[in-house]
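Take a look at the structure set out below.
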Amino acid sequence: MQLQSCEIYFIEVMADLMEKIVSLAKRRGFVFPGSEIYGGIGGIYDLGPLGVELANNIKSAWWRNIVRERENVVGLDSSILMSRKVWHTSGHVESFADSLVECKNCHSRFREDILPKSENCPTCGKKDWTPPRMFNLMFKTRIGPTEEAADETFLRPETAQGIFVNFGNVVDTMRVKLPFGIAQIGKGFRNEITIGNFLFRVREFEMMELEYFTFPKQAERDFEYWQKERMDWFLKVGLNKKNLRFREHEETERAHYAIRSVDIEYNWPFMGWGELEGLANRTDYDLKAHSKESGRDLSYFDEASKKKIFPYVIEPSLGVGRTMLAILIDAYSEEKAPTAEKGESETRVVLKFHPNLAPIKAAVLPLVKDEKLIKIAKDIHKDLKREWNSMYDEAGTIGRRYRRQDEIGTPFAITVDFDTIKDKSVTVRDRDTMKQERVAVKKLASYLPDRLN
Ligand code: GAP
């Protein structure tokens, strides 16, 4: 198929955008390749000082929306390591696998669904594939000091199973009434065959999962409810509506436990529309299976009907890293801006994060390196740090310092100048509009919260 020149141009622009984001993420301390000094490991990344702040802000925005602001959702933090029986019962040992093909010439391996067999090998260009075979994505590990098969288990590929096995404990201790949810944030591990596209598909990642237990006859209605809630959340944290859509899964695409799945898709620069979050109706599959295999009754006693039932489960589930990537892509912007020093214009790179997600909320900058200004600026920074993640910076021209803060998405830059000594006010510069206003130092504590939420 021949590509039009406008399509080639679009692909190049998008590749260029990703390159810029990956480079900025490394250069400014958001994301580092894992074990970099040893050459890195495929699909493993470390979060740098700003990345961990951004991830924490994403997680707390999700936790606040899913747990804190609701009466009927509680939290949980279950272990990564669980009995191997959990993974046999859940169906992951049998079914959590992708179809893999291998190039007979160079032995590169690919996921069959990502690389149709009609294609040539992207590594060596030959077209000589092995027949597809299933490859289980779970990482094997051992618990205890022996090599016995009985001690073998897996690193969890989803946090959801920790919720299902604790269902009875939560019902007994929290007096929750159906419908109710149990939410969890934690690491998941998948030995993905094809990794790449930066944080999009990795082998170790944090997940934010809600298992919402409901009456079977109400499950479809609750599914629709959560679809809307989740889309609204993405808009609330600042993602652009035009980059988001729903996509219903075909029956053949669904996980072994689901009778309905809908993805919230994002329009990724490197692949077009693709999954950002998955919603599934898991039915009573997991609770029933664990009840049967463990011998522990995980049904729920419904007071109204005086009957025991196995609730259905609606599950919205998303990765922290994948969300972070969408947020970085949406926030990245380049614009022309006047230079303070030369009276000319230059390109400024800005991460236009929602202020709530910004890793650093305010930068405090003495206009020049003067002892009096430095002292005032440091005092303001110390004060702000009690409530907000503030950064102090005195290195370089004020213009350079503004650009540095724009590039990491700091919503406010607070400049202390010689007038501050007289009028006890500072200049607050808005990251997006670059407008500056004079604010009394003692009003800063209320000025910022009004604009950060
Ligand atoms: N418990 C349901 C579940 O695990 P999933 O669709 O396989 O569902 C949920 O994963 C979410 O986790 C995805 O929507 C995506 O955001 C994220 N995710 C899955 N695999 C990932 C990977 N290899 N790298 C990064 N994020 C991943």
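Chains: A, B, ... in order of the structure tokens. Residues: from 1 per chain. Ligands: from 1, in order shown.
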Protein and nucleic residues near ligand 1, 7 Å, only C-alpha atoms and all ligand atoms, as a ChimeraX atom specification = /A:157-160,190,192,199-205,207,209,275-278,317-319,321-323
Could you give me, as a Markdown table, every region 42-105 of chain A residue with an atom at most 12 Å from region 399-418 of chain A, plus its closest atom pair and distance in Å to one decimal, counting only C-alpha atoms, rows ordered by chain then number?
| residue | atom | partner | partner_atom | distance |
| --- | --- | --- | --- | --- |
| A:Pro49 | CA | A:Ile408 | CA | 11.4 |
| A:Leu50 | CA | A:Ile408 | CA | 8.1 |
| A:Gly51 | CA | A:Ile408 | CA | 10.1 |
| A:Glu53 | CA | A:Ile408 | CA | 11.4 |
| A:Leu54 | CA | A:Gly409 | CA | 10.4 |
Backbone DSSP call of strand (DSSP E or B) for region 30-121 of chain A, listed as a list in words |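 Selection result, strand (DSSP E or B) within region 30-121 of chain A: Val31, Phe32, Pro33, Tyr45, Asp46, Leu47, Val73, Val74, Gly75, Leu76, Leu81, Ala97, Asp98, Ser99, Leu100, Val101, Glu102, Cys103, Arg109, Phe110 and Arg111 of chain A.
Within the 6 Å cut-off around Ala97 (chain A), using only C-alpha atoms and omitting residues fewer than 2 positions from it on the same chain, the listed residues are Ser95, Met134, Phe135, Asn136 and Leu137 of chain A.
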Just-selected residues, N, CA and C atoms written as a compact mmCIF listing (two decimals), in the first residue's frame:
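File produced: out.txt:
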# COMPACT_ATOMS: atom_id res chain seq x y z
N SER A 95 -4.72 -19.63 30.69
CA SER A 95 -5.18 -18.73 29.61
C SER A 95 -4.46 -17.39 29.48
N MET A 134 1.47 -20.70 21.98
CA MET A 134 1.03 -19.85 23.08
C MET A 134 2.18 -19.67 24.08
N PHE A 135 2.33 -18.44 24.56
CA PHE A 135 3.41 -18.11 25.51
C PHE A 135 2.76 -17.45 26.72
N ASN A 136 2.90 -18.09 27.91
CA ASN A 136 2.29 -17.53 29.12
C ASN A 136 3.09 -16.32 29.59
N LEU A 137 2.35 -15.25 29.93
CA LEU A 137 3.01 -13.97 30.23
C LEU A 137 3.41 -13.82 31.70
Give the answer as one residue: which of A:Pro122, A:Pro316, A:Pro359, A:Gly181 has the shortest atom-to-atom distance to Gly48 (chain A), using only C-alpha atoms?
->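 Of A:Pro122, A:Pro316, A:Pro359, A:Gly181, the one nearest Gly48 (chain A), counting only C-alpha atoms, is A:Pro359.
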